[in-house]
file query01.cif (mmCIF, C-alpha atoms)
data_target
loop_
_atom_site.label_atom_id
_atom_site.label_comp_id
_atom_site.auth_asym_id
_atom_site.auth_seq_id
_atom_site.Cartn_x
_atom_site.Cartn_y
_atom_site.Cartn_z
CA MET X 1 124.86 -33.63 48.49
CA ILE X 2 124.22 -36.70 46.39
CA GLU X 3 125.44 -40.23 46.92
CA VAL X 4 125.94 -42.31 43.81
CA ILE X 5 126.25 -46.08 43.73
CA LYS X 6 128.83 -45.89 41.00
CA ASP X 7 128.65 -49.44 39.70
CA TRP X 8 124.88 -49.30 39.23
CA CYS X 9 125.12 -46.27 36.93
CA LYS X 10 124.78 -47.03 33.22
CA GLY X 11 125.72 -43.57 32.07
CA CYS X 12 122.41 -42.42 30.58
CA ASP X 13 123.07 -38.85 31.79
CA ILE X 14 119.36 -38.28 32.41
CA CYS X 15 120.16 -36.81 35.82
CA VAL X 16 122.74 -34.45 34.37
CA ARG X 17 120.50 -33.21 31.57
CA ARG X 18 117.29 -32.93 33.54
CA CYS X 19 118.57 -31.28 36.71
CA PRO X 20 116.55 -28.05 36.93
CA VAL X 21 119.50 -26.09 38.35
CA HIS X 22 122.25 -27.84 36.35
CA ALA X 23 123.99 -28.91 39.52
CA LEU X 24 125.33 -32.24 38.17
CA GLU X 25 128.11 -33.18 35.82
CA THR X 26 129.74 -36.42 34.72
CA SER X 27 132.76 -37.36 36.77
CA ASP X 28 136.05 -38.28 35.15
CA GLU X 29 136.30 -41.61 36.94
CA LEU X 30 135.22 -44.72 35.06
CA ASN X 31 133.09 -47.27 36.86
CA LYS X 32 133.01 -51.04 36.45
CA ARG X 33 130.74 -50.78 33.40
CA GLY X 34 133.03 -48.31 31.68
CA VAL X 35 130.83 -45.24 31.99
CA TYR X 36 131.21 -41.99 33.86
CA PRO X 37 128.77 -41.71 36.77
CA PRO X 38 127.43 -38.28 37.72
CA LYS X 39 128.66 -36.09 40.54
CA LEU X 40 127.76 -32.72 41.98
CA LYS X 41 129.60 -29.75 40.57
CA GLU X 42 131.99 -27.96 42.92
CA GLU X 43 129.84 -24.84 42.68
CA ASN X 44 126.22 -25.84 42.62
CA GLU X 45 122.79 -24.58 43.51
CA CYS X 46 121.35 -27.95 44.51
CA ASN X 47 118.15 -27.33 46.43
CA TYR X 48 117.43 -30.99 47.24
CA CYS X 49 114.45 -31.24 44.94
CA ARG X 50 115.30 -34.95 44.53
CA LEU X 51 114.37 -35.04 40.86
CA CYS X 52 117.60 -36.84 39.94
CA GLU X 53 116.82 -39.48 42.55
CA LEU X 54 113.36 -40.07 41.08
CA LEU X 55 114.48 -39.96 37.47
CA CYS X 56 117.43 -42.30 37.84
CA PRO X 57 116.28 -45.55 36.19
CA ASP X 58 118.94 -47.54 38.00
CA PHE X 59 118.35 -46.56 41.64
CA ALA X 60 121.88 -45.20 41.76
CA ILE X 61 121.33 -41.73 43.22
CA THR X 62 120.40 -40.70 46.74
CA VAL X 63 119.97 -37.06 47.69
CA VAL X 64 121.09 -36.40 51.24
CA ALA X 65 120.19 -33.18 52.99
CA GLU X 66 123.23 -31.33 54.20
CA GLU X 67 123.78 -29.56 57.50
CA ARG X 68 121.54 -26.72 58.65
CA LYS X 69 124.37 -24.26 57.99
CA GLU X 70 124.19 -24.95 54.27
CA GLU X 71 120.41 -24.56 54.19
CA SER X 72 120.46 -21.16 55.85
CA LYS X 73 123.14 -20.09 53.38
CA SER X 74 120.97 -20.98 50.43
CA GLY X 75 118.04 -19.24 52.17
CA LEU X 76 120.07 -16.04 52.27
CA ILE X 77 120.84 -16.30 48.57
CA ILE X 78 117.16 -16.72 47.75
CA GLY X 79 116.39 -13.70 49.95
CA GLY X 80 119.03 -11.66 48.13
CA VAL X 81 117.53 -12.48 44.76
CA ALA X 82 114.07 -11.60 46.00
CA ASN X 83 115.34 -8.19 47.19
CA GLU X 84 116.91 -7.44 43.85
CA VAL X 85 113.70 -8.26 42.03
CA MET A 1 110.81 -31.63 53.60
CA VAL A 2 113.72 -33.87 52.81
CA GLU A 3 114.37 -34.81 56.43
CA ASP A 4 110.84 -36.09 57.01
CA MET A 5 110.81 -38.39 54.02
CA ILE A 6 112.45 -41.74 53.71
CA ASN A 7 115.62 -41.39 51.66
CA ALA A 8 116.27 -43.33 48.52
CA ASN A 9 118.86 -45.54 50.18
CA GLU A 10 116.37 -46.65 52.80
CA LEU A 11 113.71 -47.15 50.12
CA ARG A 12 116.09 -49.38 48.18
CA GLU A 13 117.00 -51.40 51.23
CA LYS A 14 113.37 -51.84 52.12
CA TYR A 15 111.97 -52.86 48.74
CA LEU A 16 114.73 -54.12 46.45
CA ARG A 17 115.79 -57.73 46.56
CA ASP A 18 119.41 -58.06 47.68
CA GLY A 19 122.01 -58.82 45.08
CA MET A 20 119.76 -58.37 42.04
CA LEU A 21 120.86 -54.89 41.05
CA PRO A 22 122.01 -53.42 38.69
CA THR A 23 118.99 -54.12 36.52
CA ILE A 24 119.19 -55.83 33.16
CA PHE A 25 117.50 -52.88 31.46
CA CYS A 26 119.32 -51.05 28.70
CA ASN A 27 120.86 -47.69 29.17
CA GLY A 28 118.11 -45.05 28.98
CA CYS A 29 115.21 -47.46 29.47
CA GLY A 30 112.39 -46.11 31.63
CA HIS A 31 111.38 -49.39 33.24
CA GLY A 32 113.55 -48.78 36.30
CA ASN A 33 111.74 -45.50 36.89
CA SER A 34 108.38 -47.22 36.90
CA LEU A 35 109.58 -49.62 39.57
CA ASP A 36 110.83 -46.68 41.61
CA TYR A 37 107.43 -44.98 41.32
CA VAL A 38 105.66 -48.12 42.46
CA PHE A 39 107.95 -48.25 45.51
CA TRP A 40 107.16 -44.65 46.35
CA ALA A 41 103.44 -45.25 45.96
CA ILE A 42 103.58 -48.31 48.22
CA GLU A 43 105.69 -46.41 50.72
CA GLU A 44 103.32 -43.46 50.81
CA LEU A 45 100.29 -45.68 51.21
CA GLY A 46 102.05 -47.64 53.93
CA ILE A 47 101.27 -51.03 52.43
CA ASP A 48 103.14 -53.96 53.97
CA MET A 49 105.12 -55.88 51.35
CA ASP A 50 103.84 -59.15 52.84
CA ASP A 51 100.40 -58.12 51.59
CA VAL A 52 101.62 -57.56 48.06
CA ALA A 53 101.77 -60.17 45.32
CA LEU A 54 103.28 -59.39 41.96
CA ALA A 55 102.62 -61.09 38.67
CA SER A 56 104.30 -60.63 35.33
CA GLY A 57 104.47 -62.28 31.94
CA ILE A 58 107.39 -62.32 29.57
CA GLY A 59 109.36 -59.37 28.34
CA CYS A 60 111.62 -56.64 29.63
CA SER A 61 108.94 -55.18 31.88
CA SER A 62 108.12 -58.60 33.24
CA ARG A 63 111.59 -58.90 34.75
CA ILE A 64 110.61 -56.29 37.29
CA PRO A 65 109.09 -58.53 40.02
CA GLY A 66 112.48 -60.22 40.26
CA TYR A 67 113.92 -57.04 41.73
CA VAL A 68 111.25 -56.62 44.36
CA SER A 69 111.46 -58.08 47.79
CA ALA A 70 107.91 -59.47 47.68
CA ASP A 71 106.17 -62.58 46.45
CA GLY A 72 105.91 -62.70 42.69
CA LEU A 73 104.97 -64.89 39.78
CA HIS A 74 106.91 -64.78 36.54
CA THR A 75 104.45 -66.48 34.25
CA THR A 76 103.87 -67.37 30.62
CA HIS A 77 103.72 -64.79 27.88
CA GLY A 78 100.59 -62.65 28.09
CA ARG A 79 99.02 -64.61 30.92
CA ALA A 80 100.12 -62.44 33.82
CA ILE A 81 96.63 -61.07 34.30
CA ALA A 82 95.08 -64.53 34.27
CA PHE A 83 97.49 -65.61 37.01
CA ALA A 84 96.80 -62.40 38.93
CA THR A 85 93.07 -63.14 38.79
CA GLY A 86 93.86 -66.50 40.34
CA ILE A 87 95.89 -64.91 43.12
CA LYS A 88 93.07 -62.51 43.88
CA ALA A 89 90.51 -65.31 43.87
CA ALA A 90 92.60 -67.37 46.29
CA ASN A 91 93.42 -64.54 48.66
CA PRO A 92 91.30 -61.41 48.26
CA ASP A 93 93.28 -59.58 50.96
CA LEU A 94 96.37 -59.27 48.80
CA HIS A 95 97.23 -56.23 46.78
CA VAL A 96 97.89 -57.74 43.39
CA ILE A 97 100.17 -55.73 41.13
CA VAL A 98 100.79 -56.86 37.57
CA PHE A 99 103.82 -55.64 35.69
CA THR A 100 103.31 -56.13 32.03
CA GLY A 101 104.48 -54.75 28.74
CA ASP A 102 102.46 -53.50 25.80
CA GLY A 103 103.10 -56.58 23.71
CA ASP A 104 102.53 -58.87 26.67
CA ALA A 105 99.22 -57.33 27.73
CA THR A 106 97.63 -56.24 24.48
CA GLY A 107 99.35 -58.35 21.86
CA ILE A 108 99.76 -61.84 23.24
CA GLY A 109 97.41 -61.56 26.20
CA GLY A 110 94.85 -59.16 24.77
CA ASN A 111 91.83 -61.18 25.75
CA HIS A 112 92.97 -61.77 29.31
CA PHE A 113 93.52 -58.06 29.62
CA ILE A 114 90.21 -56.87 28.24
CA HIS A 115 88.16 -59.40 30.17
CA ALA A 116 89.90 -58.63 33.45
CA ALA A 117 89.13 -54.96 32.84
CA ARG A 118 85.54 -55.73 31.87
CA ARG A 119 84.97 -57.86 34.97
CA ASN A 120 86.63 -55.12 37.01
CA ILE A 121 88.79 -57.55 38.94
CA ASP A 122 90.56 -55.88 41.83
CA MET A 123 94.17 -55.55 40.70
CA THR A 124 96.59 -52.87 39.65
CA VAL A 125 98.17 -53.24 36.25
CA ILE A 126 101.33 -51.27 35.59
CA LEU A 127 101.54 -51.44 31.82
CA LEU A 128 104.90 -50.31 30.49
CA ASN A 129 104.29 -49.18 26.96
CA ASN A 130 107.45 -48.86 24.91
CA PHE A 131 105.82 -49.42 21.48
CA ILE A 132 107.86 -52.55 20.74
CA TYR A 133 108.65 -56.13 21.74
CA GLY A 134 112.01 -55.10 23.16
CA MET A 135 113.38 -58.28 24.69
CA THR A 136 112.81 -60.54 21.69
CA GLY A 137 114.53 -58.22 19.25
CA GLY A 138 112.22 -55.39 18.28
CA GLN A 139 109.21 -56.98 16.63
CA LEU A 140 106.24 -54.75 15.91
CA ALA A 141 103.89 -54.35 18.86
CA PRO A 142 100.20 -53.48 18.45
CA THR A 143 100.82 -50.20 20.21
CA ALA A 144 103.48 -48.94 17.78
CA PRO A 145 102.43 -45.67 16.15
CA LYS A 146 101.63 -45.82 12.44
CA GLY A 147 104.76 -45.55 10.35
CA SER A 148 107.15 -46.98 12.98
CA ILE A 149 110.01 -49.13 11.82
CA ALA A 150 110.47 -52.52 13.49
CA THR A 151 112.28 -55.72 12.57
CA THR A 152 108.97 -57.16 11.35
CA ALA A 153 107.93 -53.88 9.72
CA PRO A 154 111.07 -52.73 7.88
CA TYR A 155 109.10 -50.48 5.52
CA GLY A 156 107.06 -48.86 8.25
CA ASN A 157 104.03 -49.92 10.21
CA ILE A 158 100.80 -49.75 8.20
CA GLU A 159 98.52 -50.66 11.10
CA HIS A 160 96.74 -48.29 13.41
CA ALA A 161 98.01 -48.28 16.97
CA PHE A 162 96.19 -49.74 19.92
CA ASN A 163 95.05 -47.05 22.36
CA ILE A 164 95.20 -49.07 25.54
CA SER A 165 94.00 -46.45 28.00
CA GLU A 166 90.95 -45.50 25.95
CA LEU A 167 90.10 -49.16 25.43
CA THR A 168 90.27 -49.81 29.16
CA GLN A 169 88.23 -46.71 29.84
CA ALA A 170 85.54 -47.99 27.49
CA LEU A 171 85.58 -51.33 29.29
CA GLY A 172 84.63 -49.55 32.48
CA ALA A 173 87.72 -50.11 34.58
CA ALA A 174 87.80 -48.37 37.94
CA TYR A 175 90.98 -46.42 37.34
CA VAL A 176 92.79 -45.59 34.11
CA ALA A 177 95.72 -43.23 33.70
CA ARG A 178 98.54 -42.77 31.25
CA TRP A 179 101.79 -40.96 31.96
CA PRO A 180 105.25 -40.85 30.45
CA VAL A 181 107.91 -41.98 32.92
CA PHE A 182 109.79 -38.72 32.98
CA TYR A 183 107.14 -36.96 35.07
CA PRO A 184 107.76 -38.53 38.48
CA TYR A 185 104.96 -37.15 40.64
CA GLN A 186 101.94 -37.77 38.46
CA PRO A 187 102.61 -41.51 38.01
CA ILE A 188 103.24 -41.91 41.75
CA LYS A 189 99.90 -40.26 42.49
CA SER A 190 98.19 -42.39 39.85
CA ILE A 191 99.69 -45.64 41.16
CA LYS A 192 98.56 -44.66 44.65
CA ASP A 193 95.05 -43.99 43.39
CA ALA A 194 94.99 -47.21 41.38
CA LEU A 195 96.13 -49.22 44.41
CA SER A 196 93.60 -47.65 46.73
CA THR A 197 90.65 -47.76 44.31
CA PRO A 198 88.82 -51.09 44.46
CA GLY A 199 88.56 -52.64 41.03
CA PHE A 200 90.73 -52.81 37.96
CA GLY A 201 93.37 -50.10 37.92
CA LEU A 202 95.48 -49.49 34.86
CA VAL A 203 98.45 -47.17 34.91
CA GLU A 204 99.98 -47.06 31.47
CA LEU A 205 103.49 -45.73 31.73
CA MET A 206 105.14 -44.71 28.49
CA SER A 207 108.66 -45.91 28.85
CA PRO A 208 111.27 -45.04 26.20
CA CYS A 209 113.09 -47.93 24.54
CA PRO A 210 116.29 -46.51 23.06
CA THR A 211 117.63 -49.87 21.92
CA ALA A 212 114.80 -51.47 19.97
CA TYR A 213 112.49 -48.57 19.18
CA GLY A 214 114.41 -45.30 19.35
CA ARG A 215 117.43 -46.48 17.42
CA ARG A 216 115.47 -48.02 14.52
CA ASN A 217 113.13 -45.07 14.25
CA LYS A 218 116.00 -42.59 14.29
CA LEU A 219 114.63 -40.79 17.31
CA GLY A 220 118.12 -40.06 18.51
CA LYS A 221 120.07 -40.85 21.61
CA ILE A 222 118.63 -41.18 25.10
CA ASP A 223 118.10 -37.51 25.75
CA ALA A 224 116.55 -36.88 22.32
CA LEU A 225 114.24 -39.86 22.78
CA TRP A 226 113.08 -38.65 26.18
CA THR A 227 112.45 -35.21 24.64
CA TRP A 228 110.52 -36.86 21.79
CA TYR A 229 108.09 -38.21 24.36
CA GLU A 230 107.80 -34.76 25.85
CA ASP A 231 107.05 -33.19 22.45
CA ASN A 232 104.56 -35.84 21.36
CA THR A 233 102.37 -36.05 24.43
CA MET A 234 99.77 -33.60 25.63
CA LEU A 235 97.82 -33.34 28.83
CA MET A 236 94.27 -34.54 28.27
CA GLU A 237 92.68 -31.31 29.52
CA ASP A 238 94.80 -29.25 27.11
CA TYR A 239 94.00 -31.61 24.26
CA ASP A 240 90.26 -31.39 24.84
CA ARG A 241 90.39 -27.62 25.17
CA ILE A 242 92.31 -27.27 21.91
CA MET A 243 89.89 -29.60 20.16
CA ASP A 244 86.97 -27.49 21.36
CA TYR A 245 88.26 -23.96 21.11
CA GLY A 246 91.64 -24.06 19.32
CA THR A 247 92.50 -22.54 15.97
CA GLU A 248 92.93 -24.80 12.95
CA GLU A 249 96.72 -24.80 13.27
CA GLU A 250 96.51 -25.71 16.94
CA ILE A 251 94.11 -28.53 16.17
CA ALA A 252 96.34 -29.82 13.37
CA ALA A 253 99.36 -29.74 15.70
CA ALA A 254 97.54 -31.45 18.56
CA LYS A 255 95.87 -34.13 16.47
CA ASN A 256 98.83 -36.50 16.35
CA LYS A 257 99.80 -36.12 19.99
CA ILE A 258 99.29 -38.79 22.57
CA LYS A 259 96.89 -37.85 25.33
CA ILE A 260 98.19 -38.22 28.87
CA GLY A 261 96.40 -37.86 32.15
CA VAL A 262 93.78 -39.61 34.24
CA PHE A 263 91.20 -41.11 31.92
CA GLN A 264 88.83 -42.59 34.44
CA HIS A 265 88.41 -42.78 38.20
CA GLN A 266 85.14 -44.30 39.33
CA GLU A 267 83.49 -46.62 41.78
CA ARG A 268 82.15 -49.74 40.13
CA SER A 269 81.29 -53.14 41.52
CA GLY A 270 83.86 -55.81 40.77
CA PHE A 271 83.68 -59.50 39.92
CA PHE A 272 84.57 -60.90 43.33
CA GLY A 273 82.24 -58.51 45.17
CA GLU A 274 79.34 -59.59 42.97
CA TYR A 275 80.35 -63.25 43.35
CA ASP A 276 80.24 -62.95 47.13
CA LYS A 277 76.83 -61.31 46.93
CA MET A 278 75.56 -64.09 44.69
CA THR A 279 76.81 -66.90 46.93
CA THR A 280 75.30 -65.22 50.00
CA ARG A 281 71.97 -64.80 48.21
CA LEU A 282 71.89 -68.42 47.08
CA MET A 283 72.84 -69.71 50.54
CA GLU A 284 70.04 -67.68 52.08
CA GLN A 285 67.59 -69.04 49.51
CA ASP A 286 68.79 -72.54 50.23
CA ASP A 287 68.49 -72.06 53.97
CA ALA A 288 64.96 -70.73 53.58
CA LYS A 289 63.99 -73.68 51.43
CA TRP A 290 65.58 -76.55 53.31
CA GLY A 291 66.12 -75.09 56.74
CA VAL A 292 69.50 -74.50 58.37
#
call {"tool": "encode", "arguments": {"input": "query01.cif", "output": "structure tokens"}}
result
Amino acid sequence: MIEVIKDWCKGCDICVRRCPVHALETSDELNKRGVYPPKLKEENECNYCRLCELLCPDFAITVVAEERKEESKSGLIIGGVANEV
Amino acid sequence: MVEDMINANELREKYLRDGMLPTIFCNGCGHGNSLDYVFWAIEELGIDMDDVALASGIGCSSRIPGYVSADGLHTTHGRAIAFATGIKAANPDLHVIVFTGDGDATGIGGNHFIHAARRNIDMTVILLNNFIYGMTGGQLAPTAPKGSIATTAPYGNIEHAFNISELTQALGAAYVARWPVFYPYQPIKSIKDALSTPGFGLVELMSPCPTAYGRRNKLGKIDALWTWYEDNTMLMEDYDRIMDYGTEEEIAAAKNKIKIGVFQHQERSGFFGEYDKMTTRLMEQDDAKWGV
């Protein structure tokens, strides 16, 4: 999951546009600056690559690894894809 | 993996000065990224922030030391490198990092910059090149590509641009690299190398300026501007290969691109090392002549 410091976000949308798996979207909640900070989509394939964290010019994003359960789930999905190929 | 590394929240708490954020930088400016990369490089090298001194001149990029929880000097326009030389002379154990802009380092303080590089003074210069004097209202910087529009060049720039990295390479600096800010890992590696290489290290980070440069030059909004940098830069190895073996079309397409990559990484004696050697030699001569 990602944690966003909402009031530090300036709404450049770099994280949203440059996420390799398109896991982010702008939220519909305005922050103090009057922009829409990003949030994770309900359905997402976030693999914790932390690119959004590095590319955020305003130090607003932190990527936090989720529970083990989630990781094994995503591992299964990757395995499934590999089998199909 | 993720669990082993420090997370961004901890990094922020460790290195950012309390109460200074959010930054003053415009929306879409890459200067914040550069600061983040410097933090990661320092973190990965395990340098103590008490051993770090920052220096900066005037300009958007020079606001950066204010956000860092370390000692810093915010000095006069273009003179950051002169002050940094002083810091290094007074306390050679410090890691001196200079944050400077393209106008600050090569326009106003050009001579300080080239002579520090020539003397190979042990410091790391993070030069944030955004092609413009952003803070003062978009005057033409010496690094602006030919044809750029600026407030002082409303009909387009007729001068040739300053190629800072190649200049510094020619001056024999220990480490020279140029990267756009939107590749995170390469700049972090370069900053690490520049910090750990003795001698003058220059990391030129190409940072987009949507407000003063992108808007006037009709390069589009933030995303389009970041993509412009992607389309107009080329890895140095690719560039050289195309120049050697490419077809005419490929050469024509590559000609106007900006080379990125590591330009130079070498061992070379620096000013203070040579100075120490000289003083030791003279003392020994003196002792031999007059007795201890």
call {"tool": "residues_around", "arguments": {"input": "query01.cif", "residues": "Thr26 of chain X", "least_positions_apart": "2", "cutoff": "9 Å", "atoms": "all atoms listed in the file", "output": "PyMOL selection string"}}
result
chain X and resi 11+13+16+24+28-29+36-41
call {"tool": "closest_residue", "arguments": {"input": "query01.cif", "among": "A:Ala253, A:Leu21, A:Ala174, A:Leu73", "to": "chain X", "atoms": "all atoms listed in the file"}}
result
A:Leu21
call {"tool": "closest_atom_pairs", "arguments": {"input": "query01.cif", "of": "chain X", "to": "chain A", "cutoff": "9 Å", "atoms": "only C-alpha atoms", "output": "JSON lines"}}
result
{"residue": "X:Asp7", "atom": "CA", "partner": "A:Pro22", "partner_atom": "CA", "distance": 7.8}
{"residue": "X:Trp8", "atom": "CA", "partner": "A:Pro22", "partner_atom": "CA", "distance": 5.1}
{"residue": "X:Cys9", "atom": "CA", "partner": "A:Pro22", "partner_atom": "CA", "distance": 8.0}
{"residue": "X:Lys10", "atom": "CA", "partner": "A:Asn27", "partner_atom": "CA", "distance": 5.7}
{"residue": "X:Gly11", "atom": "CA", "partner": "A:Asn27", "partner_atom": "CA", "distance": 7.0}
{"residue": "X:Cys12", "atom": "CA", "partner": "A:Gly28", "partner_atom": "CA", "distance": 5.3}
{"residue": "X:Asp13", "atom": "CA", "partner": "A:Asp223", "partner_atom": "CA", "distance": 7.9}
{"residue": "X:Ile14", "atom": "CA", "partner": "A:Asp223", "partner_atom": "CA", "distance": 6.8}
{"residue": "X:Arg17", "atom": "CA", "partner": "A:Asp223", "partner_atom": "CA", "distance": 7.6}
{"residue": "X:Tyr48", "atom": "CA", "partner": "A:Val2", "partner_atom": "CA", "distance": 7.3}
{"residue": "X:Cys49", "atom": "CA", "partner": "A:Val2", "partner_atom": "CA", "distance": 8.3}
{"residue": "X:Arg50", "atom": "CA", "partner": "A:Val2", "partner_atom": "CA", "distance": 8.5}
{"residue": "X:Leu51", "atom": "CA", "partner": "A:Pro184", "partner_atom": "CA", "distance": 7.8}
{"residue": "X:Glu53", "atom": "CA", "partner": "A:Ala8", "partner_atom": "CA", "distance": 7.1}
{"residue": "X:Leu54", "atom": "CA", "partner": "A:Pro184", "partner_atom": "CA", "distance": 6.4}
{"residue": "X:Leu55", "atom": "CA", "partner": "A:Asn33", "partner_atom": "CA", "distance": 6.2}
{"residue": "X:Cys56", "atom": "CA", "partner": "A:Asn33", "partner_atom": "CA", "distance": 6.6}
{"residue": "X:Pro57", "atom": "CA", "partner": "A:Gly32", "partner_atom": "CA", "distance": 4.2}
{"residue": "X:Asp58", "atom": "CA", "partner": "A:Gly32", "partner_atom": "CA", "distance": 5.8}
{"residue": "X:Phe59", "atom": "CA", "partner": "A:Arg12", "partner_atom": "CA", "distance": 7.5}
{"residue": "X:Ala60", "atom": "CA", "partner": "A:Pro22", "partner_atom": "CA", "distance": 8.8}
{"residue": "X:Ile61", "atom": "CA", "partner": "A:Ala8", "partner_atom": "CA", "distance": 7.5}
{"residue": "X:Thr62", "atom": "CA", "partner": "A:Ala8", "partner_atom": "CA", "distance": 5.2}
{"residue": "X:Val63", "atom": "CA", "partner": "A:Asn7", "partner_atom": "CA", "distance": 7.3}
{"residue": "X:Val64", "atom": "CA", "partner": "A:Asn7", "partner_atom": "CA", "distance": 7.4}
{"residue": "X:Ala65", "atom": "CA", "partner": "A:Val2", "partner_atom": "CA", "distance": 6.5}
call {"tool": "resolve_selection", "arguments": {"input": "query01.cif", "expression": "the PyMOL selection byres ((chain A and resi 78) around 8)", "output": "ChimeraX atom specification"}}
result
/A:57-58,76-77,79-81,103-110,112
call {"tool": "closest_residue", "arguments": {"input": "query01.cif", "among": "A:Asn130, A:Asn120, A:Asn157, A:Thr152", "to": "Arg268 of chain A", "atoms": "all atoms listed in the file"}}
result
A:Asn120
call {"tool": "residues_around", "arguments": {"input": "query01.cif", "residues": "Val176 of chain A", "least_positions_apart": "2", "cutoff": "9 Å", "atoms": "only C-alpha atoms", "output": "PyMOL selection string"}}
result
chain A and resi 165-166+168-169+173-174+178+190+194+200-204+261-265
call {"tool": "atom_distance", "arguments": {"input": "query01.cif", "atom1": "atom CA of Lys6 of chain X", "atom2": "atom CA of Val35 of chain X"}}
result
9.3 Å
call {"tool": "atom_distance", "arguments": {"input": "query01.cif", "atom1": "atom CA of Ile260 of chain A", "atom2": "atom CA of Ser207 of chain A"}}
result
13.0 Å
call {"tool": "axis_aligned_box", "arguments": {"input": "query01.cif", "around": "segment 247-256 of chain A", "padding_each_side": "8 Å", "output": "JSON"}}
result
{"center_x": 95.9, "center_y": -29.5, "center_z": 15.8, "size_x": 22.9, "size_y": 30.0, "size_z": 21.6}
call {"tool": "resolve_selection", "arguments": {"input": "query01.cif", "expression": "the PyMOL selection byres ((chain A and resi 70) around 9)", "output": "list in words"}}
result
Tyr15, Leu16, Arg17, Met49, Asp50, Asp51, Val52, Ala53, Leu54, Pro65, Gly66, Tyr67, Val68, Ser69, Asp71 and Gly72 of chain A
call {"tool": "residues_around", "arguments": {"input": "query01.cif", "residues": "segment 231-233 of chain A", "least_positions_apart": "4", "cutoff": "10 Å", "atoms": "only C-alpha atoms", "output": "ChimeraX atom specification"}}
result
/A:179-180,206,225-227,239,253-254,256-261
call {"tool": "resolve_selection", "arguments": {"input": "query01.cif", "expression": "the PyMOL selection byres ((chain A and resi 119) around 12)", "output": "list of chain:residue names"}}
result
A:Thr85, A:Asn111, A:His112, A:Phe113, A:Ile114, A:His115, A:Ala116, A:Ala117, A:Arg118, A:Asn120, A:Ile121, A:Asp122, A:Met123, A:Thr168, A:Leu171, A:Gly172, A:Ala173, A:Ala174, A:Gly199, A:Phe200, A:Gly201, A:Arg268, A:Ser269, A:Gly270, A:Phe271, A:Phe272, A:Gly273, A:Glu274, A:Tyr275
call {"tool": "atom_distance", "arguments": {"input": "query01.cif", "atom1": "atom CA of Ala224 of chain A", "atom2": "atom CA of Ile251 of chain A"}}
result
24.7 Å
call {"tool": "build_atoms", "arguments": {"input": "query01.cif", "residues": "segment 23-32 of chain X", "atoms": "N, CA, C and O atoms", "output": "PDB file, keeping the file's coordinate frame"}}
result
ATOM      1  N   ALA X  23     123.034 -28.735  38.436  1.00  0.00           N
ATOM      2  CA  ALA X  23     123.990 -28.910  39.520  1.00  0.00           C
ATOM      3  C   ALA X  23     124.876 -30.147  39.325  1.00  0.00           C
ATOM      4  O   ALA X  23     125.824 -30.345  40.069  1.00  0.00           O
ATOM      5  N   LEU X  24     124.578 -30.987  38.322  1.00  0.00           N
ATOM      6  CA  LEU X  24     125.330 -32.240  38.170  1.00  0.00           C
ATOM      7  C   LEU X  24     126.220 -32.200  36.943  1.00  0.00           C
ATOM      8  O   LEU X  24     125.955 -31.487  35.985  1.00  0.00           O
ATOM      9  N   GLU X  25     127.262 -32.994  36.985  1.00  0.00           N
ATOM     10  CA  GLU X  25     128.110 -33.180  35.820  1.00  0.00           C
ATOM     11  C   GLU X  25     128.626 -34.611  35.838  1.00  0.00           C
ATOM     12  O   GLU X  25     128.544 -35.288  36.862  1.00  0.00           O
ATOM     13  N   THR X  26     129.171 -35.080  34.704  1.00  0.00           N
ATOM     14  CA  THR X  26     129.740 -36.420  34.720  1.00  0.00           C
ATOM     15  C   THR X  26     131.124 -36.342  35.356  1.00  0.00           C
ATOM     16  O   THR X  26     131.871 -35.397  35.124  1.00  0.00           O
ATOM     17  N   SER X  27     131.432 -37.364  36.144  1.00  0.00           N
ATOM     18  CA  SER X  27     132.760 -37.360  36.770  1.00  0.00           C
ATOM     19  C   SER X  27     133.772 -37.874  35.769  1.00  0.00           C
ATOM     20  O   SER X  27     133.425 -38.335  34.690  1.00  0.00           O
ATOM     21  N   ASP X  28     135.046 -37.799  36.112  1.00  0.00           N
ATOM     22  CA  ASP X  28     136.050 -38.280  35.150  1.00  0.00           C
ATOM     23  C   ASP X  28     136.575 -39.651  35.570  1.00  0.00           C
ATOM     24  O   ASP X  28     137.594 -40.099  35.097  1.00  0.00           O
ATOM     25  N   GLU X  29     135.856 -40.299  36.459  1.00  0.00           N
ATOM     26  CA  GLU X  29     136.300 -41.610  36.940  1.00  0.00           C
ATOM     27  C   GLU X  29     135.420 -42.692  36.340  1.00  0.00           C
ATOM     28  O   GLU X  29     134.200 -42.645  36.484  1.00  0.00           O
ATOM     29  N   LEU X  30     136.012 -43.643  35.658  1.00  0.00           N
ATOM     30  CA  LEU X  30     135.220 -44.720  35.060  1.00  0.00           C
ATOM     31  C   LEU X  30     134.732 -45.684  36.132  1.00  0.00           C
ATOM     32  O   LEU X  30     135.443 -45.947  37.087  1.00  0.00           O
ATOM     33  N   ASN X  31     133.538 -46.227  35.941  1.00  0.00           N
ATOM     34  CA  ASN X  31     133.090 -47.270  36.860  1.00  0.00           C
ATOM     35  C   ASN X  31     133.318 -48.641  36.236  1.00  0.00           C
ATOM     36  O   ASN X  31     133.939 -48.759  35.175  1.00  0.00           O
ATOM     37  N   LYS X  32     132.762 -49.661  36.898  1.00  0.00           N
ATOM     38  CA  LYS X  32     133.010 -51.040  36.450  1.00  0.00           C
ATOM     39  C   LYS X  32     132.450 -51.306  35.050  1.00  0.00           C
ATOM     40  O   LYS X  32     132.963 -52.115  34.305  1.00  0.00           O
TER      41      LYS X  32
END
